[in-house]
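Source file: run32.tsv (TSV, N, CA and C atoms)
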```tsv
chain	number	residue	atom	x	y	z
A	703	MET	N	0.85	-1.17	0.00
A	703	MET	CA	0.00	0.00	0.00
A	703	MET	C	0.89	1.23	0.00
A	704	HIS	N	0.61	2.16	-0.87
A	704	HIS	CA	1.35	3.41	-0.95
A	704	HIS	C	0.55	4.51	-0.29
A	705	GLN	N	1.25	5.42	0.38
A	705	GLN	CA	0.57	6.55	0.98
A	705	GLN	C	1.08	7.83	0.36
A	706	PHE	N	0.16	8.69	0.04
A	706	PHE	CA	0.48	9.98	-0.53
A	706	PHE	C	-0.35	11.00	0.20
A	707	GLY	N	0.31	11.83	0.98
A	707	GLY	CA	-0.45	12.76	1.82
A	707	GLY	C	-1.20	11.95	2.86
A	708	GLY	N	-2.50	12.11	2.94
A	708	GLY	CA	-3.31	11.34	3.88
A	708	GLY	C	-4.05	10.19	3.21
A	709	ALA	N	-3.96	10.12	1.87
A	709	ALA	CA	-4.70	9.09	1.14
A	709	ALA	C	-3.85	7.83	0.97
A	710	SER	N	-4.50	6.69	0.95
A	710	SER	CA	-3.82	5.42	0.73
A	710	SER	C	-4.22	4.87	-0.64
A	711	PHE	N	-3.24	4.34	-1.37
A	711	PHE	CA	-3.50	3.78	-2.68
A	711	PHE	C	-3.06	2.32	-2.67
A	712	LEU	N	-3.92	1.44	-3.12
A	712	LEU	CA	-3.57	0.04	-3.23
A	712	LEU	C	-3.22	-0.27	-4.68
A	713	GLY	N	-2.20	-1.07	-4.88
A	713	GLY	CA	-1.87	-1.52	-6.21
A	713	GLY	C	-2.83	-2.63	-6.62
A	714	ARG	N	-2.78	-3.02	-7.87
A	714	ARG	CA	-3.68	-4.06	-8.35
A	714	ARG	C	-3.43	-5.40	-7.70
A	715	VAL	N	-2.16	-5.72	-7.44
A	715	VAL	CA	-1.84	-6.99	-6.80
A	715	VAL	C	-2.48	-7.04	-5.41
A	716	ALA	N	-2.38	-5.96	-4.67
A	716	ALA	CA	-2.97	-5.90	-3.33
A	716	ALA	C	-4.49	-5.99	-3.38
A	717	LYS	N	-5.08	-5.56	-4.48
A	717	LYS	CA	-6.54	-5.62	-4.62
A	717	LYS	C	-7.02	-7.00	-5.01
A	718	GLY	N	-6.09	-7.91	-5.38
A	718	GLY	CA	-6.50	-9.28	-5.67
A	718	GLY	C	-6.63	-9.61	-7.14
A	719	VAL	N	-5.86	-8.98	-8.02
A	719	VAL	CA	-5.91	-9.28	-9.44
A	719	VAL	C	-5.42	-10.72	-9.66
A	720	LYS	N	-5.92	-11.38	-10.69
A	720	LYS	CA	-5.57	-12.76	-10.99
A	720	LYS	C	-4.36	-12.83	-11.92
A	721	CYS	N	-3.73	-13.98	-11.96
A	721	CYS	CA	-2.57	-14.23	-12.80
A	721	CYS	C	-2.94	-14.04	-14.27
A	722	SER	N	-2.05	-13.42	-15.05
A	722	SER	CA	-2.31	-13.13	-16.46
A	722	SER	C	-1.97	-14.28	-17.40
A	723	VAL	N	-1.33	-15.33	-16.89
A	723	VAL	CA	-0.94	-16.45	-17.74
A	723	VAL	C	-2.19	-17.19	-18.19
A	724	THR	N	-2.25	-17.52	-19.48
A	724	THR	CA	-3.40	-18.21	-20.06
A	724	THR	C	-3.68	-19.51	-19.30
A	725	GLY	N	-4.92	-19.67	-18.83
A	725	GLY	CA	-5.34	-20.88	-18.15
A	725	GLY	C	-5.12	-20.88	-16.65
A	726	CYS	N	-4.56	-19.83	-16.09
A	726	CYS	CA	-4.29	-19.76	-14.65
A	726	CYS	C	-5.26	-18.78	-14.01
A	727	SER	N	-5.79	-19.15	-12.84
A	727	SER	CA	-6.71	-18.25	-12.16
A	727	SER	C	-6.28	-17.99	-10.72
A	728	ASN	N	-5.00	-18.22	-10.41
A	728	ASN	CA	-4.48	-17.95	-9.07
A	728	ASN	C	-4.31	-16.45	-8.85
A	729	ASP	N	-4.26	-16.05	-7.59
A	729	ASP	CA	-4.03	-14.65	-7.25
A	729	ASP	C	-2.60	-14.26	-7.60
A	730	ALA	N	-2.44	-13.08	-8.16
A	730	ALA	CA	-1.12	-12.59	-8.55
A	730	ALA	C	-0.34	-12.11	-7.33
A	731	VAL	N	0.99	-12.27	-7.39
A	731	VAL	CA	1.86	-11.77	-6.33
A	731	VAL	C	2.83	-10.72	-6.85
A	732	ARG	N	3.03	-10.65	-8.17
A	732	ARG	CA	3.96	-9.69	-8.78
A	732	ARG	C	3.38	-9.19	-10.10
A	733	SER	N	3.81	-8.00	-10.50
A	733	SER	CA	3.47	-7.50	-11.83
A	733	SER	C	4.76	-7.11	-12.54
A	734	LEU	N	4.83	-7.44	-13.82
A	734	LEU	CA	6.03	-7.18	-14.62
A	734	LEU	C	5.61	-6.67	-15.98
A	735	GLN	N	6.59	-6.17	-16.74
A	735	GLN	CA	6.31	-5.75	-18.10
A	735	GLN	C	5.94	-6.97	-18.94
A	736	THR	N	4.91	-6.84	-19.73
A	736	THR	CA	4.42	-7.96	-20.53
A	736	THR	C	5.49	-8.48	-21.48
A	737	ASP	N	6.27	-7.59	-22.08
A	737	ASP	CA	7.31	-8.03	-23.02
A	737	ASP	C	8.33	-8.95	-22.36
A	738	ARG	N	8.73	-8.62	-21.14
A	738	ARG	CA	9.70	-9.45	-20.42
A	738	ARG	C	9.13	-10.83	-20.12
A	739	VAL	N	7.85	-10.87	-19.76
A	739	VAL	CA	7.21	-12.15	-19.45
A	739	VAL	C	7.08	-13.00	-20.70
A	740	LYS	N	6.71	-12.37	-21.82
A	740	LYS	CA	6.60	-13.11	-23.08
A	740	LYS	C	7.95	-13.64	-23.52
A	741	ASN	N	9.01	-12.84	-23.36
A	741	ASN	CA	10.35	-13.28	-23.73
A	741	ASN	C	10.82	-14.47	-22.90
A	742	ALA	N	10.25	-14.63	-21.72
A	742	ALA	CA	10.60	-15.77	-20.87
A	742	ALA	C	9.83	-17.02	-21.27
A	743	GLY	N	8.91	-16.88	-22.23
A	743	GLY	CA	8.18	-18.03	-22.73
A	743	GLY	C	6.81	-18.27	-22.12
A	744	LEU	N	6.34	-17.36	-21.29
A	744	LEU	CA	5.01	-17.51	-20.70
A	744	LEU	C	3.97	-16.89	-21.63
A	745	LYS	N	2.82	-17.52	-21.70
A	745	LYS	CA	1.75	-17.04	-22.58
A	745	LYS	C	0.83	-16.10	-21.81
A	746	VAL	N	0.91	-14.81	-22.17
A	746	VAL	CA	0.06	-13.79	-21.54
A	746	VAL	C	-0.59	-12.96	-22.64
A	747	GLY	N	-1.58	-12.17	-22.26
A	747	GLY	CA	-2.30	-11.33	-23.21
A	747	GLY	C	-1.49	-10.13	-23.65
A	748	GLU	N	-2.17	-9.15	-24.22
A	748	GLU	CA	-1.52	-7.97	-24.78
A	748	GLU	C	-1.57	-6.76	-23.86
A	749	ALA	N	-1.90	-6.96	-22.60
A	749	ALA	CA	-1.96	-5.83	-21.67
A	749	ALA	C	-0.57	-5.24	-21.44
A	750	ARG	N	-0.54	-4.06	-20.87
A	750	ARG	CA	0.72	-3.37	-20.62
A	750	ARG	C	1.53	-4.06	-19.52
A	751	ARG	N	0.85	-4.55	-18.49
A	751	ARG	CA	1.49	-5.24	-17.38
A	751	ARG	C	1.00	-6.69	-17.35
A	752	ALA	N	1.88	-7.58	-16.94
A	752	ALA	CA	1.52	-8.98	-16.75
A	752	ALA	C	1.57	-9.26	-15.26
A	753	TYR	N	0.52	-9.87	-14.75
A	753	TYR	CA	0.44	-10.19	-13.33
A	753	TYR	C	0.68	-11.69	-13.18
A	754	LEU	N	1.60	-12.06	-12.30
A	754	LEU	CA	1.99	-13.45	-12.15
A	754	LEU	C	1.72	-13.96	-10.74
A	755	CYS	N	1.23	-15.21	-10.67
A	755	CYS	CA	1.05	-15.87	-9.38
A	755	CYS	C	2.41	-16.38	-8.90
A	756	LYS	N	2.46	-16.95	-7.73
A	756	LYS	CA	3.72	-17.39	-7.16
A	756	LYS	C	4.41	-18.43	-8.05
A	757	GLU	N	3.66	-19.41	-8.56
A	757	GLU	CA	4.24	-20.47	-9.39
A	757	GLU	C	4.80	-19.93	-10.70
A	758	HIS	N	4.04	-19.05	-11.36
A	758	HIS	CA	4.50	-18.51	-12.64
A	758	HIS	C	5.63	-17.51	-12.45
A	759	TYR	N	5.66	-16.82	-11.31
A	759	TYR	CA	6.79	-15.92	-11.04
A	759	TYR	C	8.07	-16.73	-10.84
A	760	LYS	N	7.97	-17.86	-10.16
A	760	LYS	CA	9.13	-18.74	-10.00
A	760	LYS	C	9.60	-19.25	-11.36
A	761	GLU	N	8.66	-19.59	-12.23
A	761	GLU	CA	9.02	-20.04	-13.58
A	761	GLU	C	9.69	-18.92	-14.36
A	762	PHE	N	9.17	-17.70	-14.24
A	762	PHE	CA	9.77	-16.54	-14.90
A	762	PHE	C	11.20	-16.34	-14.43
A	763	LYS	N	11.42	-16.41	-13.11
A	763	LYS	CA	12.77	-16.24	-12.57
A	763	LYS	C	13.71	-17.33	-13.07
A	764	ARG	N	13.22	-18.56	-13.13
A	764	ARG	CA	14.04	-19.68	-13.60
A	764	ARG	C	14.44	-19.47	-15.06
A	765	GLU	N	13.50	-19.02	-15.88
A	765	GLU	CA	13.75	-18.83	-17.32
A	765	GLU	C	14.67	-17.64	-17.60
A	766	THR	N	14.69	-16.66	-16.71
A	766	THR	CA	15.48	-15.45	-16.95
A	766	THR	C	16.76	-15.41	-16.12
A	767	LYS	N	17.09	-16.47	-15.43
A	767	LYS	CA	18.25	-16.49	-14.54
A	767	LYS	C	19.55	-16.16	-15.29
A	768	LYS	N	19.75	-16.78	-16.44
A	768	LYS	CA	20.97	-16.55	-17.21
A	768	LYS	C	21.03	-15.10	-17.71
A	769	ASP	N	19.91	-14.58	-18.18
A	769	ASP	CA	19.87	-13.20	-18.65
A	769	ASP	C	20.19	-12.21	-17.54
A	770	ARG	N	19.63	-12.45	-16.35
A	770	ARG	CA	19.89	-11.56	-15.22
A	770	ARG	C	21.35	-11.61	-14.81
A	771	ALA	N	21.95	-12.80	-14.84
A	771	ALA	CA	23.37	-12.94	-14.50
A	771	ALA	C	24.24	-12.19	-15.50
A	772	LEU	N	23.90	-12.29	-16.79
A	772	LEU	CA	24.66	-11.57	-17.81
A	772	LEU	C	24.54	-10.06	-17.65
A	773	GLU	N	23.34	-9.58	-17.34
A	773	GLU	CA	23.13	-8.14	-17.13
A	773	GLU	C	23.94	-7.65	-15.93
A	774	LYS	N	23.93	-8.43	-14.86
A	774	LYS	CA	24.68	-8.06	-13.67
A	774	LYS	C	26.18	-8.01	-13.99
A	775	TRP	N	26.64	-9.00	-14.75
A	775	TRP	CA	28.05	-9.06	-15.13
A	775	TRP	C	28.42	-7.89	-16.04
A	776	ARG	N	27.53	-7.60	-17.00
A	776	ARG	CA	27.79	-6.54	-17.97
A	776	ARG	C	27.90	-5.18	-17.29
A	777	HIS	N	27.01	-4.90	-16.36
A	777	HIS	CA	26.97	-3.59	-15.71
A	777	HIS	C	27.79	-3.54	-14.43
A	778	GLY	N	28.30	-4.65	-14.00
A	778	GLY	CA	29.09	-4.67	-12.76
A	778	GLY	C	28.19	-4.69	-11.55
A	779	VAL	N	28.69	-5.21	-10.49
A	779	VAL	CA	27.93	-5.27	-9.24
A	779	VAL	C	28.03	-3.92	-8.56
A	780	PRO	N	26.90	-3.30	-8.19
A	780	PRO	CA	26.94	-1.98	-7.55
A	780	PRO	C	27.76	-2.01	-6.25
A	781	GLY	N	28.52	-0.96	-6.02
A	781	GLY	CA	29.30	-0.84	-4.80
A	781	GLY	C	30.70	-1.42	-4.90
A	782	ARG	N	31.01	-2.06	-6.01
A	782	ARG	CA	32.36	-2.62	-6.18
A	782	ARG	C	33.10	-1.87	-7.28
A	783	THR	N	34.38	-1.65	-7.04
A	783	THR	CA	35.18	-0.96	-8.06
A	783	THR	C	36.42	-1.74	-8.39
```

Let me see the file written as structure tokens.
Amino acid sequence: MHQFGGASFLGRVAKGVKCSVTGCSNDAVRSLQTDRVKNAGLKVGEARRAYLCKEHYKEFKRETKKDRALEKWRHGVPGRT
């Protein structure tokens, strides 16, 4: 929940949006850019954001592990010189 001034704003995940993966109806725990999720091989719609349940988020992380390691290597680990 985000607070701005005295008002509280809930994100879609906190409101109980469902997983965006085709055929899944579990509650979402994370939201990511749809392009990144599609590149990981998950089947999602054409919305701007893709909402993933716990199982599909684990699958996303597994599929993108090598890419994330390469990005970290390419840009260097923050705080190290």

Based on the backbone DSSP call, show me all residues of chain A assigned strand (DSSP E), as a CSV table (one decimal) with N, CA and C atoms, in the coordinates of the input.
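states_27.csv written:
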```
chain,number,residue,atom,x,y,z
A,704,HIS,N,0.6,2.2,-0.9
A,704,HIS,CA,1.4,3.4,-1.0
A,704,HIS,C,0.6,4.5,-0.3
A,705,GLN,N,1.2,5.4,0.4
A,705,GLN,CA,0.6,6.6,1.0
A,705,GLN,C,1.1,7.8,0.4
A,706,PHE,N,0.2,8.7,0.0
A,706,PHE,CA,0.5,10.0,-0.5
A,706,PHE,C,-0.4,11.0,0.2
A,709,ALA,N,-4.0,10.1,1.9
A,709,ALA,CA,-4.7,9.1,1.1
A,709,ALA,C,-3.8,7.8,1.0
A,710,SER,N,-4.5,6.7,1.0
A,710,SER,CA,-3.8,5.4,0.7
A,710,SER,C,-4.2,4.9,-0.6
A,711,PHE,N,-3.2,4.3,-1.4
A,711,PHE,CA,-3.5,3.8,-2.7
A,711,PHE,C,-3.1,2.3,-2.7
A,732,ARG,N,3.0,-10.6,-8.2
A,732,ARG,CA,4.0,-9.7,-8.8
A,732,ARG,C,3.4,-9.2,-10.1
A,733,SER,N,3.8,-8.0,-10.5
A,733,SER,CA,3.5,-7.5,-11.8
A,733,SER,C,4.8,-7.1,-12.5
A,734,LEU,N,4.8,-7.4,-13.8
A,734,LEU,CA,6.0,-7.2,-14.6
A,734,LEU,C,5.6,-6.7,-16.0
A,735,GLN,N,6.6,-6.2,-16.7
A,735,GLN,CA,6.3,-5.8,-18.1
A,735,GLN,C,5.9,-7.0,-18.9
A,751,ARG,N,0.8,-4.6,-18.5
A,751,ARG,CA,1.5,-5.2,-17.4
A,751,ARG,C,1.0,-6.7,-17.4
A,752,ALA,N,1.9,-7.6,-16.9
A,752,ALA,CA,1.5,-9.0,-16.8
A,752,ALA,C,1.6,-9.3,-15.3
A,753,TYR,N,0.5,-9.9,-14.8
A,753,TYR,CA,0.4,-10.2,-13.3
A,753,TYR,C,0.7,-11.7,-13.2
A,754,LEU,N,1.6,-12.1,-12.3
A,754,LEU,CA,2.0,-13.4,-12.2
A,754,LEU,C,1.7,-14.0,-10.7
```

Task: Interatomic distance (Å, one decimal) between atom C of Arg738 (chain A) and atom C of Arg770 (chain A) - done: 13.3 Å

Open item on the list: I need the residues of region 707-749 of chain A that end up classed as helix (DSSP H, G or I) by DSSP on the backbone, written out as a ChimeraX atom specification.
Closed with: /A:714-717,736-741

Open item on the list: Set the distance at 7 Å and use all atoms listed in the file: which residues neighbour Val723 (chain A) once local chain neighbours fewer than 5 positions away are removed? I'd like the list as a list in words.
Closed with: Leu744, Lys745, Val746, Gly747, Ala752, Tyr753, Leu754 and Cys755 of chain A

Task: Nearest residue to Asp737 (chain A) from the set A:Gly725, A:Arg751, A:Gly778, A:Gly713 (distances using all atoms listed in the file) - done: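 Using all atoms listed in the file, the shortest distance to Asp737 (chain A) belongs to A:Arg751.
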
Task: Val719 (chain A) environment, 7 Å, only C-alpha atoms, sequence neighbours closer than 5 positions dropped, as a ChimeraX atom specification - done: /A:714,729-730

TODO: Figure out the distance between CA of Gln735 (chain A) and CA of Arg750 (chain A), please, to one decimal in Å.
DONE: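 Going from CA of Arg750 (chain A) over to CA of Gln735 (chain A) covers 6.6 Å.
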
When you write chain A out from the block above, keep C-alpha atoms and present the result as an mmCIF file, in the first residue's frame, please.
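Final output, result37.cif:
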```cif
data_model
loop_
_atom_site.group_PDB
_atom_site.id
_atom_site.type_symbol
_atom_site.label_atom_id
_atom_site.label_comp_id
_atom_site.auth_asym_id
_atom_site.auth_seq_id
_atom_site.Cartn_x
_atom_site.Cartn_y
_atom_site.Cartn_z
ATOM 1 C CA MET A 703 0.000 0.000 0.000
ATOM 2 C CA HIS A 704 1.353 3.408 -0.954
ATOM 3 C CA GLN A 705 0.567 6.545 0.979
ATOM 4 C CA PHE A 706 0.485 9.979 -0.535
ATOM 5 C CA GLY A 707 -0.454 12.758 1.816
ATOM 6 C CA GLY A 708 -3.310 11.339 3.879
ATOM 7 C CA ALA A 709 -4.700 9.089 1.144
ATOM 8 C CA SER A 710 -3.821 5.416 0.726
ATOM 9 C CA PHE A 711 -3.501 3.777 -2.676
ATOM 10 C CA LEU A 712 -3.571 0.037 -3.233
ATOM 11 C CA GLY A 713 -1.869 -1.523 -6.212
ATOM 12 C CA ARG A 714 -3.681 -4.057 -8.354
ATOM 13 C CA VAL A 715 -1.840 -6.993 -6.796
ATOM 14 C CA ALA A 716 -2.966 -5.899 -3.325
ATOM 15 C CA LYS A 717 -6.537 -5.617 -4.617
ATOM 16 C CA GLY A 718 -6.499 -9.277 -5.675
ATOM 17 C CA VAL A 719 -5.913 -9.284 -9.438
ATOM 18 C CA LYS A 720 -5.568 -12.762 -10.993
ATOM 19 C CA CYS A 721 -2.567 -14.229 -12.804
ATOM 20 C CA SER A 722 -2.310 -13.128 -16.462
ATOM 21 C CA VAL A 723 -0.937 -16.447 -17.744
ATOM 22 C CA THR A 724 -3.400 -18.211 -20.056
ATOM 23 C CA GLY A 725 -5.344 -20.882 -18.152
ATOM 24 C CA CYS A 726 -4.290 -19.759 -14.647
ATOM 25 C CA SER A 727 -6.713 -18.245 -12.159
ATOM 26 C CA ASN A 728 -4.477 -17.949 -9.072
ATOM 27 C CA ASP A 729 -4.031 -14.649 -7.253
ATOM 28 C CA ALA A 730 -1.123 -12.586 -8.550
ATOM 29 C CA VAL A 731 1.857 -11.767 -6.329
ATOM 30 C CA ARG A 732 3.956 -9.691 -8.779
ATOM 31 C CA SER A 733 3.468 -7.499 -11.833
ATOM 32 C CA LEU A 734 6.026 -7.181 -14.616
ATOM 33 C CA GLN A 735 6.313 -5.746 -18.101
ATOM 34 C CA THR A 736 4.418 -7.957 -20.532
ATOM 35 C CA ASP A 737 7.312 -8.028 -23.023
ATOM 36 C CA ARG A 738 9.704 -9.449 -20.416
ATOM 37 C CA VAL A 739 7.209 -12.149 -19.445
ATOM 38 C CA LYS A 740 6.599 -13.107 -23.082
ATOM 39 C CA ASN A 741 10.351 -13.278 -23.735
ATOM 40 C CA ALA A 742 10.599 -15.774 -20.869
ATOM 41 C CA GLY A 743 8.180 -18.035 -22.731
ATOM 42 C CA LEU A 744 5.011 -17.514 -20.700
ATOM 43 C CA LYS A 745 1.749 -17.035 -22.581
ATOM 44 C CA VAL A 746 0.060 -13.786 -21.541
ATOM 45 C CA GLY A 747 -2.299 -11.334 -23.210
ATOM 46 C CA GLU A 748 -1.518 -7.970 -24.784
ATOM 47 C CA ALA A 749 -1.965 -5.835 -21.667
ATOM 48 C CA ARG A 750 0.721 -3.370 -20.622
ATOM 49 C CA ARG A 751 1.491 -5.244 -17.375
ATOM 50 C CA ALA A 752 1.516 -8.982 -16.754
ATOM 51 C CA TYR A 753 0.435 -10.195 -13.334
ATOM 52 C CA LEU A 754 1.993 -13.454 -12.150
ATOM 53 C CA CYS A 755 1.049 -15.868 -9.379
ATOM 54 C CA LYS A 756 3.720 -17.388 -7.156
ATOM 55 C CA GLU A 757 4.239 -20.469 -9.390
ATOM 56 C CA HIS A 758 4.501 -18.514 -12.643
ATOM 57 C CA TYR A 759 6.791 -15.920 -11.044
ATOM 58 C CA LYS A 760 9.134 -18.744 -9.998
ATOM 59 C CA GLU A 761 9.018 -20.043 -13.577
ATOM 60 C CA PHE A 762 9.767 -16.542 -14.896
ATOM 61 C CA LYS A 763 12.769 -16.237 -12.574
ATOM 62 C CA ARG A 764 14.035 -19.679 -13.602
ATOM 63 C CA GLU A 765 13.752 -18.831 -17.316
ATOM 64 C CA THR A 766 15.481 -15.450 -16.953
ATOM 65 C CA LYS A 767 18.253 -16.488 -14.544
ATOM 66 C CA LYS A 768 20.969 -16.551 -17.212
ATOM 67 C CA ASP A 769 19.865 -13.197 -18.655
ATOM 68 C CA ARG A 770 19.886 -11.563 -15.217
ATOM 69 C CA ALA A 771 23.370 -12.944 -14.496
ATOM 70 C CA LEU A 772 24.659 -11.569 -17.814
ATOM 71 C CA GLU A 773 23.134 -8.141 -17.130
ATOM 72 C CA LYS A 774 24.681 -8.062 -13.671
ATOM 73 C CA TRP A 775 28.051 -9.056 -15.129
ATOM 74 C CA ARG A 776 27.789 -6.543 -17.966
ATOM 75 C CA HIS A 777 26.973 -3.592 -15.711
ATOM 76 C CA GLY A 778 29.088 -4.670 -12.759
ATOM 77 C CA VAL A 779 27.928 -5.272 -9.244
ATOM 78 C CA PRO A 780 26.942 -1.984 -7.546
ATOM 79 C CA GLY A 781 29.296 -0.845 -4.805
ATOM 80 C CA ARG A 782 32.362 -2.623 -6.182
ATOM 81 C CA THR A 783 35.178 -0.955 -8.065
#
```
